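One file, protein.pdb, is given below (PDB, C-alpha atoms).
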```
MODEL        1
ATOM      1  CA  MET K   1      -0.868 -12.256 -20.560
ATOM      2  CA  SER K   2      -3.257  -9.377 -20.076
ATOM      3  CA  GLU K   3      -2.479  -5.833 -21.068
ATOM      4  CA  ILE K   4      -2.567  -3.369 -18.170
ATOM      5  CA  VAL K   5      -4.934  -0.554 -19.110
ATOM      6  CA  ILE K   6      -4.649   2.401 -16.722
ATOM      7  CA  ARG K   7      -7.523   4.865 -16.680
ATOM      8  CA  LYS K   8      -6.317   7.078 -13.857
ATOM      9  CA  ARG K   9      -3.479   7.482 -11.369
ATOM     10  CA  VAL K  10      -3.774   9.547  -8.182
ATOM     11  CA  THR K  11      -1.063  10.467  -5.672
ATOM     12  CA  LEU K  12      -1.945  11.715  -2.181
ATOM     13  CA  ILE K  13       0.499  13.182   0.351
ATOM     14  CA  GLU K  14      -0.397  14.017   3.955
ATOM     15  CA  GLU K  15       1.756  15.896   6.458
ATOM     16  CA  ILE K  16       0.725  15.432  10.083
ATOM     17  CA  PHE K  17       2.148  18.004  12.496
ATOM     18  CA  HIS K  18       0.392  16.941  15.700
ATOM     19  CA  GLU K  19      -2.583  14.950  16.987
ATOM     20  CA  GLY K  20      -3.501  17.312  19.795
ATOM     21  CA  GLY K  21      -0.175  17.330  21.635
ATOM     22  CA  LYS K  22       2.981  19.313  21.039
ATOM     23  CA  PRO K  23       3.872  19.651  17.315
ATOM     24  CA  ALA K  24       6.434  17.058  16.237
ATOM     25  CA  ALA K  25       9.976  18.163  15.453
ATOM     26  CA  GLN K  26       9.538  16.444  12.079
ATOM     27  CA  PRO K  27       6.026  16.064  10.632
ATOM     28  CA  LEU K  28       4.907  12.561   9.701
ATOM     29  CA  ARG K  29       4.454  12.227   5.958
ATOM     30  CA  ARG K  30       2.072   9.585   4.621
ATOM     31  CA  GLY K  31       1.665   9.026   0.914
ATOM     32  CA  ALA K  32      -0.526   6.873  -1.268
ATOM     33  CA  ILE K  33      -0.577   6.145  -4.959
ATOM     34  CA  LEU K  34      -3.656   4.620  -6.578
ATOM     35  CA  CYS K  35      -4.229   3.316 -10.090
ATOM     36  CA  ALA K  36      -7.613   2.542 -11.598
ATOM     37  CA  ILE K  37      -7.037  -0.215 -14.149
ATOM     38  CA  ARG K  38      -9.285  -2.389 -16.287
ATOM     39  CA  ASN K  39     -10.097  -5.704 -14.602
ATOM     40  CA  PRO K  40      -9.563  -8.345 -17.317
ATOM     41  CA  PHE K  41     -11.743 -10.821 -15.367
ATOM     42  CA  ALA K  42     -14.719  -8.521 -14.723
ATOM     43  CA  GLY K  43     -18.136  -9.971 -15.404
ATOM     44  CA  ARG K  44     -17.121 -13.631 -15.603
ATOM     45  CA  TYR K  45     -15.575 -16.369 -13.519
ATOM     46  CA  VAL K  46     -12.075 -17.367 -14.651
ATOM     47  CA  GLU K  47     -10.431 -20.318 -12.898
ATOM     48  CA  ASP K  48      -6.777 -19.562 -13.668
ATOM     49  CA  ILE K  49      -6.040 -15.936 -12.799
ATOM     50  CA  ALA K  50      -2.641 -16.212 -11.080
ATOM     51  CA  GLY K  51      -0.674 -15.293 -14.206
ATOM     52  CA  PHE K  52      -2.030 -11.743 -13.982
ATOM     53  CA  MET K  53       0.261 -11.184 -10.980
ATOM     54  CA  ASP K  54       3.252 -11.265 -13.336
ATOM     55  CA  ASP K  55       1.517  -8.785 -15.625
ATOM     56  CA  LEU K  56       1.050  -6.424 -12.658
ATOM     57  CA  LYS K  57       4.712  -6.463 -11.534
ATOM     58  CA  PRO K  58       5.928  -3.605 -13.799
ATOM     59  CA  LEU K  59       2.966  -1.488 -12.706
ATOM     60  CA  GLY K  60       3.797  -2.171  -9.054
ATOM     61  CA  VAL K  61       7.425  -1.115  -9.524
ATOM     62  CA  ALA K  62       6.386   2.033 -11.412
ATOM     63  CA  MET K  63       3.849   2.951  -8.722
ATOM     64  CA  ALA K  64       6.307   2.330  -5.872
ATOM     65  CA  GLY K  65       8.967   4.427  -7.605
ATOM     66  CA  ALA K  66       6.544   7.294  -8.235
ATOM     67  CA  LEU K  67       5.323   7.225  -4.627
ATOM     68  CA  LEU K  68       8.866   7.226  -3.269
ATOM     69  CA  LYS K  69       9.673  10.198  -5.514
ATOM     70  CA  ALA K  70       6.567  12.052  -4.259
ATOM     71  CA  LEU K  71       7.795  11.503  -0.694
ATOM     72  CA  GLY K  72      11.219  12.980  -1.462
ATOM     73  CA  GLY K  73      13.016  10.135  -3.229
ATOM     74  CA  ASP K  74      15.103   8.833  -0.300
ATOM     75  CA  PRO K  75      14.437   5.133   0.422
ATOM     76  CA  GLY K  76      16.096   5.594   3.827
ATOM     77  CA  ALA K  77      13.356   8.035   4.854
ATOM     78  CA  ILE K  78      10.571   5.461   4.491
ATOM     79  CA  GLN K  79       9.686   3.584   7.682
ATOM     80  CA  GLY K  80       6.209   2.171   7.022
ATOM     81  CA  TYR K  81       4.228   0.639   4.188
ATOM     82  CA  GLY K  82       1.020  -1.075   3.164
ATOM     83  CA  LYS K  83      -1.046  -1.980   0.112
ATOM     84  CA  GLY K  84      -4.651  -2.511  -0.856
ATOM     85  CA  ALA K  85      -7.203  -2.938  -3.603
ATOM     86  CA  VAL K  86     -10.832  -2.071  -4.223
ATOM     87  CA  ILE K  87     -12.489  -4.344  -6.757
ATOM     88  CA  GLY K  88     -15.321  -2.991  -8.902
ATOM     89  CA  ALA K  89     -18.746  -4.618  -8.611
ATOM     90  CA  SER K  90     -18.296  -6.852 -11.685
ATOM     91  CA  GLY K  91     -15.208  -8.417 -10.117
ATOM     92  CA  GLU K  92     -14.577 -10.633  -7.123
ATOM     93  CA  LEU K  93     -12.472 -10.334  -3.993
ATOM     94  CA  GLU K  94      -9.877 -12.752  -5.375
ATOM     95  CA  HIS K  95      -9.076 -10.288  -8.151
ATOM     96  CA  GLY K  96      -7.815  -7.888  -5.476
ATOM     97  CA  ALA K  97      -5.665 -10.655  -4.000
ATOM     98  CA  LEU K  98      -3.704 -10.598  -7.260
ATOM     99  CA  TRP K  99      -2.115  -7.365  -5.980
ATOM    100  CA  HIS K 100      -0.467  -9.032  -2.946
ATOM    101  CA  VAL K 101       2.728 -10.146  -4.693
ATOM    102  CA  PRO K 102       3.296  -7.383  -7.275
ATOM    103  CA  GLY K 103       2.368  -4.570  -4.881
ATOM    104  CA  GLY K 104       4.330  -5.854  -1.909
ATOM    105  CA  TYR K 105       7.454  -6.954  -3.690
ATOM    106  CA  ALA K 106       7.543  -3.730  -5.710
ATOM    107  CA  MET K 107       7.848  -1.654  -2.543
ATOM    108  CA  ARG K 108      10.392  -4.019  -1.048
ATOM    109  CA  GLU K 109      12.422  -3.810  -4.261
ATOM    110  CA  ILE K 110      12.282  -0.003  -4.416
ATOM    111  CA  LEU K 111      13.124   0.385  -0.718
ATOM    112  CA  GLY K 112      16.036  -2.068  -0.774
ATOM    113  CA  GLU K 113      16.426  -3.793   2.553
ATOM    114  CA  ALA K 114      12.786  -3.917   3.709
ATOM    115  CA  LYS K 115      12.225  -7.220   5.531
ATOM    116  CA  ALA K 116       8.660  -7.162   6.872
ATOM    117  CA  ILE K 117       5.657  -8.508   5.039
ATOM    118  CA  VAL K 118       3.586  -5.701   3.515
ATOM    119  CA  PRO K 119       0.148  -5.604   5.199
ATOM    120  CA  SER K 120      -2.875  -5.504   2.956
ATOM    121  CA  ALA K 121      -6.605  -4.859   2.742
ATOM    122  CA  LYS K 122      -9.105  -5.423  -0.051
ATOM    123  CA  LYS K 123     -12.818  -5.213  -0.649
ATOM    124  CA  VAL K 124     -15.408  -5.047  -3.401
ATOM    125  CA  GLY K 125     -16.837  -1.549  -3.776
ATOM    126  CA  GLY K 126     -18.162   1.052  -6.162
ATOM    127  CA  PRO K 127     -16.920   4.451  -7.290
ATOM    128  CA  GLY K 128     -15.775   6.506  -4.331
ATOM    129  CA  ALA K 129     -15.356   3.499  -2.030
ATOM    130  CA  ARG K 130     -12.856   4.182   0.740
ATOM    131  CA  LEU K 131     -10.268   1.681   1.947
ATOM    132  CA  ASP K 132      -8.209   1.774   5.128
ATOM    133  CA  VAL K 133      -4.791   0.548   4.003
ATOM    134  CA  PRO K 134      -2.940  -0.937   6.998
ATOM    135  CA  VAL K 135       0.635   0.162   7.646
ATOM    136  CA  THR K 136       3.460  -1.486   9.580
ATOM    137  CA  HIS K 137       7.198  -0.862   9.917
ATOM    138  CA  ILE K 138       9.146  -1.910   6.810
ATOM    139  CA  ASN K 139      11.609  -4.094   8.744
ATOM    140  CA  ALA K 140       9.670  -5.451  11.713
ATOM    141  CA  SER K 141       5.931  -6.022  11.785
ATOM    142  CA  TYR K 142       5.851  -5.973  15.612
ATOM    143  CA  VAL K 143       6.965  -2.329  15.956
ATOM    144  CA  ARG K 144       3.799  -1.046  17.600
ATOM    145  CA  SER K 145       4.498   2.671  17.066
ATOM    146  CA  HIS K 146       4.156   2.153  13.314
ATOM    147  CA  PHE K 147       0.777   0.332  13.399
ATOM    148  CA  ASP K 148      -1.285   2.738  11.356
ATOM    149  CA  ALA K 149      -3.636   3.028   8.398
ATOM    150  CA  MET K 150      -4.234   5.530   5.636
ATOM    151  CA  GLU K 151      -7.723   5.960   4.233
ATOM    152  CA  VAL K 152      -7.655   6.155   0.447
ATOM    153  CA  GLY K 153     -10.142   6.385  -2.379
ATOM    154  CA  VAL K 154     -10.894   8.022  -5.707
ATOM    155  CA  PRO K 155     -14.296   9.660  -6.344
ATOM    156  CA  ASP K 156     -14.924   7.927  -9.680
ATOM    157  CA  ALA K 157     -13.157   4.610  -9.102
ATOM    158  CA  PRO K 158     -13.373   1.745  -9.263
ATOM    159  CA  ARG K 159     -15.937   1.443 -12.008
ATOM    160  CA  ALA K 160     -17.652  -1.949 -12.159
ATOM    161  CA  ASP K 161     -15.037  -3.360 -14.552
ATOM    162  CA  GLU K 162     -11.989  -1.909 -12.764
ATOM    163  CA  LEU K 163      -9.512  -2.589 -10.008
ATOM    164  CA  LEU K 164      -8.305   0.295  -7.858
ATOM    165  CA  LEU K 165      -4.802  -0.638  -6.701
ATOM    166  CA  ALA K 166      -3.102   1.228  -3.843
ATOM    167  CA  LEU K 167       0.346   1.499  -2.274
ATOM    168  CA  VAL K 168       1.065   3.479   0.908
ATOM    169  CA  MET K 169       4.371   4.599   2.441
ATOM    170  CA  THR K 170       5.079   6.613   5.598
ATOM    171  CA  THR K 171       8.134   8.403   6.967
ATOM    172  CA  GLY K 172       7.727   7.464  10.613
ATOM    173  CA  SER K 173       5.607   6.330  13.493
ATOM    174  CA  ARG K 174       2.246   7.733  14.508
ATOM    175  CA  ILE K 175       2.608  11.251  15.862
ATOM    176  CA  HIS K 176       2.755  11.019  19.668
ATOM    177  CA  ALA K 177       3.096   7.183  19.642
ATOM    178  CA  ARG K 178       3.354   6.163  23.291
ATOM    179  CA  VAL K 179       1.712   2.788  23.907
ATOM    180  CA  GLY K 180       4.891   0.767  24.384
ATOM    181  CA  GLY K 181       5.954  -2.383  22.604
ATOM    182  CA  LEU K 182       8.971  -3.016  20.412
ATOM    183  CA  LYS K 183      10.691   0.224  19.393
ATOM    184  CA  ALA K 184      12.156   0.828  15.928
ATOM    185  CA  SER K 185      15.546   1.310  17.611
ATOM    186  CA  GLU K 186      15.272  -2.263  19.020
ATOM    187  CA  ILE K 187      14.718  -4.077  15.705
ATOM    188  CA  LYS K 188      16.939  -7.142  15.348
ATOM    189  CA  GLY K 189      16.163  -7.505  11.655
ATOM    190  CA  GLU K 190      16.297 -11.296  11.575
ATOM    191  CA  ASP K 191      12.814 -12.303  10.474
ATOM    192  CA  GLY K 192      10.741  -9.282   9.438
ATOM    193  CA  LEU K 193       8.825  -9.529  12.724
ATOM    194  CA  ARG K 194      11.169  -8.248  15.432
TER     195      ARG K 194
ENDMDL
END
```
Step by step, read the file and then write its structure as C-alpha cells.
Amino acid sequence: MSEIVIRKRVTLIEEIFHEGGKPAAQPLRRGAILCAIRNPFAGRYVEDIAGFMDDLKPLGVAMAGALLKALGGDPGAIQGYGKGAVIGASGELEHGALWHVPGGYAMREILGEAKAIVPSAKKVGGPGARLDVPVTHINASYVRSHFDAMEVGVPDAPRADELLLALVMTTGSRIHARVGGLKASEIKGEDGLR
C-alpha cells in the first residue's frame, strides 16, 4: 500500500451561456477537479503496480463528492462525465492508467445510477500540460449531444514525480447541440451504450 500524498487540489467551474446562437434557457455547467499527488513509482520501473488502484479509491470518492458539491450537490443534475491523468516526466503512461478504475467508479458511486463507461484520456507531460478530458452521457455512451471535452491543467503540475488526476462532470449537452443521433430522452438504459 502506498500513501496518497496530495500537494494541490484545484476545482474549475465553467458556465456556458451560448456558442454564438441564442442564449440557452439554462447555461451548461462543466466542472473539473484535479489533484496533484506524489507518484510512488516515479523514476523507476515497477512490475506490479495494480495495487495502487485500491489506494486511489478513497481519493476518487472524495474528489467526485467535492466536484458534485461544487456543481450544486444534486446527482440528478449531472448528465455527463469523464476522467483523465497527466503523468509527470519521471513516470510512465501506465501510471495514469491506474486512475481508470478509482476515478470512474468513484463518479458512478457518487452519481448513483450512472451506467455508461467513463471516458478517459492520459498523457505524459510537464508542469502546465493541458489535457482534453473526454465527456459522454452518464447513462448511454452513444448520446451524441453529450460528446464533449473539457480542457484542464494546472500551471505548476504535474512535477516530474507527480500524477495530476482529473475528474469532469457536466450538467447537460453541448450548447446548441443539433447533429442528430440518439437523444438523451431516448435512452433505454440497458447496457450503458444506448
For this session: Decode the PyMOL selection byres ((chain K and resi 62) around 12) for the given file into explicit residues and return them as a list of chain:residue names.
Result: K:Arg9, K:Ile33, K:Leu34, K:Cys35, K:Leu56, K:Lys57, K:Pro58, K:Leu59, K:Gly60, K:Val61, K:Met63, K:Ala64, K:Gly65, K:Ala66, K:Leu67, K:Leu68, K:Lys69, K:Pro102, K:Gly103, K:Tyr105, K:Ala106, K:Met107, K:Glu109, K:Ile110, K:Leu167
For this session: Run the PyMOL selection byres ((chain K and resi 39) around 7) mentally over the shown coordinates, then write out the matched residues as a PyMOL selection string, using the chain letters and numbers from the document.
Result: chain K and resi 37-38+40-42+161-163
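The smallest atom-to-atom distance between Leu111 (chain K) and any of K:Val46, K:Ala140, K:Leu182, K:Met169, using all atoms listed in the file, is found for K:Met169.
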In the coordinate frame of the file, compute which residues have an atom within 7 Å of (-5.1, 4.0, 7.3) when using only C-alpha atoms, and state them as a compact mmCIF listing (two decimals) with C-alpha atoms, in the coordinates of the input.
```txt
# COMPACT_ATOMS: atom_id res chain seq x y z
CA ASP K 132 -8.21 1.77 5.13
CA VAL K 133 -4.79 0.55 4.00
CA PRO K 134 -2.94 -0.94 7.00
CA VAL K 135 0.64 0.16 7.65
CA ASP K 148 -1.28 2.74 11.36
CA ALA K 149 -3.64 3.03 8.40
CA MET K 150 -4.23 5.53 5.64
CA GLU K 151 -7.72 5.96 4.23
```
Problem set entry | Explicit residues for the PyMOL selection byres ((chain K and resi 130) around 6) (as a PyMOL selection string) | chain K and resi 129+131+152-153
Exercise. Of the residues K:Ser185, K:Gln79, K:Ser145, K:Thr170, which is the one nearest to Ala32 (chain K), using all atoms listed in the file?
Worked result: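 Using all atoms listed in the file, the shortest distance to Ala32 (chain K) belongs to K:Thr170.
Between CA of Glu113 (chain K) and CA of Arg29 (chain K) there is a distance of 20.3 Å.
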Using the incomplete input, complete region 80-91 of chain K to the level of all heavy atoms; output as a CSV table (one decimal), keeping the file's coordinate frame.
```
chain,number,residue,atom,x,y,z
K,80,GLY,N,7.4,3.0,7.0
K,80,GLY,CA,6.2,2.2,7.0
K,80,GLY,C,5.6,2.0,5.6
K,80,GLY,O,5.9,2.8,4.7
K,81,TYR,N,4.9,0.9,5.5
K,81,TYR,CA,4.2,0.6,4.2
K,81,TYR,C,3.0,-0.3,4.3
K,81,TYR,O,2.8,-0.9,5.3
K,81,TYR,CB,5.2,0.1,3.1
K,81,TYR,CG,6.0,-1.1,3.4
K,81,TYR,CD1,5.7,-2.1,4.4
K,81,TYR,CD2,7.1,-1.4,2.6
K,81,TYR,CE1,6.4,-3.2,4.5
K,81,TYR,CE2,7.9,-2.5,2.8
K,81,TYR,CZ,7.6,-3.5,3.8
K,81,TYR,OH,8.3,-4.6,3.9
K,82,GLY,N,2.2,-0.2,3.2
K,82,GLY,CA,1.0,-1.1,3.2
K,82,GLY,C,0.5,-1.0,1.7
K,82,GLY,O,0.9,-0.2,0.9
K,83,LYS,N,-0.5,-1.9,1.5
K,83,LYS,CA,-1.0,-2.0,0.1
K,83,LYS,C,-2.5,-2.4,0.2
K,83,LYS,O,-3.0,-2.8,1.3
K,83,LYS,CB,-0.3,-3.0,-0.7
K,83,LYS,CG,-0.4,-4.4,-0.2
K,83,LYS,CD,0.5,-5.4,-1.1
K,83,LYS,CE,0.4,-6.8,-0.6
K,83,LYS,NZ,0.8,-7.1,0.8
K,84,GLY,N,-3.2,-2.2,-0.9
K,84,GLY,CA,-4.7,-2.5,-0.9
K,84,GLY,C,-5.3,-2.5,-2.2
K,84,GLY,O,-4.6,-2.0,-3.2
K,85,ALA,N,-6.5,-2.9,-2.3
K,85,ALA,CA,-7.2,-2.9,-3.6
K,85,ALA,C,-8.7,-2.8,-3.3
K,85,ALA,O,-9.2,-3.4,-2.4
K,85,ALA,CB,-6.9,-4.2,-4.4
K,86,VAL,N,-9.4,-2.1,-4.2
K,86,VAL,CA,-10.8,-2.1,-4.2
K,86,VAL,C,-11.2,-2.6,-5.6
K,86,VAL,O,-10.8,-2.2,-6.6
K,86,VAL,CB,-11.4,-0.7,-4.0
K,86,VAL,CG1,-12.9,-0.7,-4.0
K,86,VAL,CG2,-10.9,0.0,-2.7
K,87,ILE,N,-12.1,-3.6,-5.5
K,87,ILE,CA,-12.5,-4.3,-6.8
K,87,ILE,C,-13.9,-3.8,-7.2
K,87,ILE,O,-14.8,-3.8,-6.3
K,87,ILE,CB,-12.5,-5.9,-6.5
K,87,ILE,CG1,-11.2,-6.4,-6.0
K,87,ILE,CG2,-13.0,-6.6,-7.8
K,87,ILE,CD1,-11.1,-6.5,-4.5
K,88,GLY,N,-14.0,-3.4,-8.4
K,88,GLY,CA,-15.3,-3.0,-8.9
K,88,GLY,C,-16.4,-4.1,-8.8
K,88,GLY,O,-16.0,-5.3,-8.7
K,89,ALA,N,-17.6,-3.7,-8.9
K,89,ALA,CA,-18.7,-4.6,-8.6
K,89,ALA,C,-18.9,-5.8,-9.6
K,89,ALA,O,-19.5,-6.8,-9.2
K,89,ALA,CB,-20.1,-3.8,-8.6
K,90,SER,N,-18.3,-5.7,-10.8
K,90,SER,CA,-18.3,-6.9,-11.7
K,90,SER,C,-17.1,-7.8,-11.5
K,90,SER,O,-17.0,-8.8,-12.2
K,90,SER,CB,-18.3,-6.4,-13.1
K,90,SER,OG,-19.5,-5.7,-13.4
K,91,GLY,N,-16.3,-7.5,-10.4
K,91,GLY,CA,-15.2,-8.4,-10.1
K,91,GLY,C,-15.5,-9.2,-8.8
K,91,GLY,O,-16.6,-9.1,-8.3
```
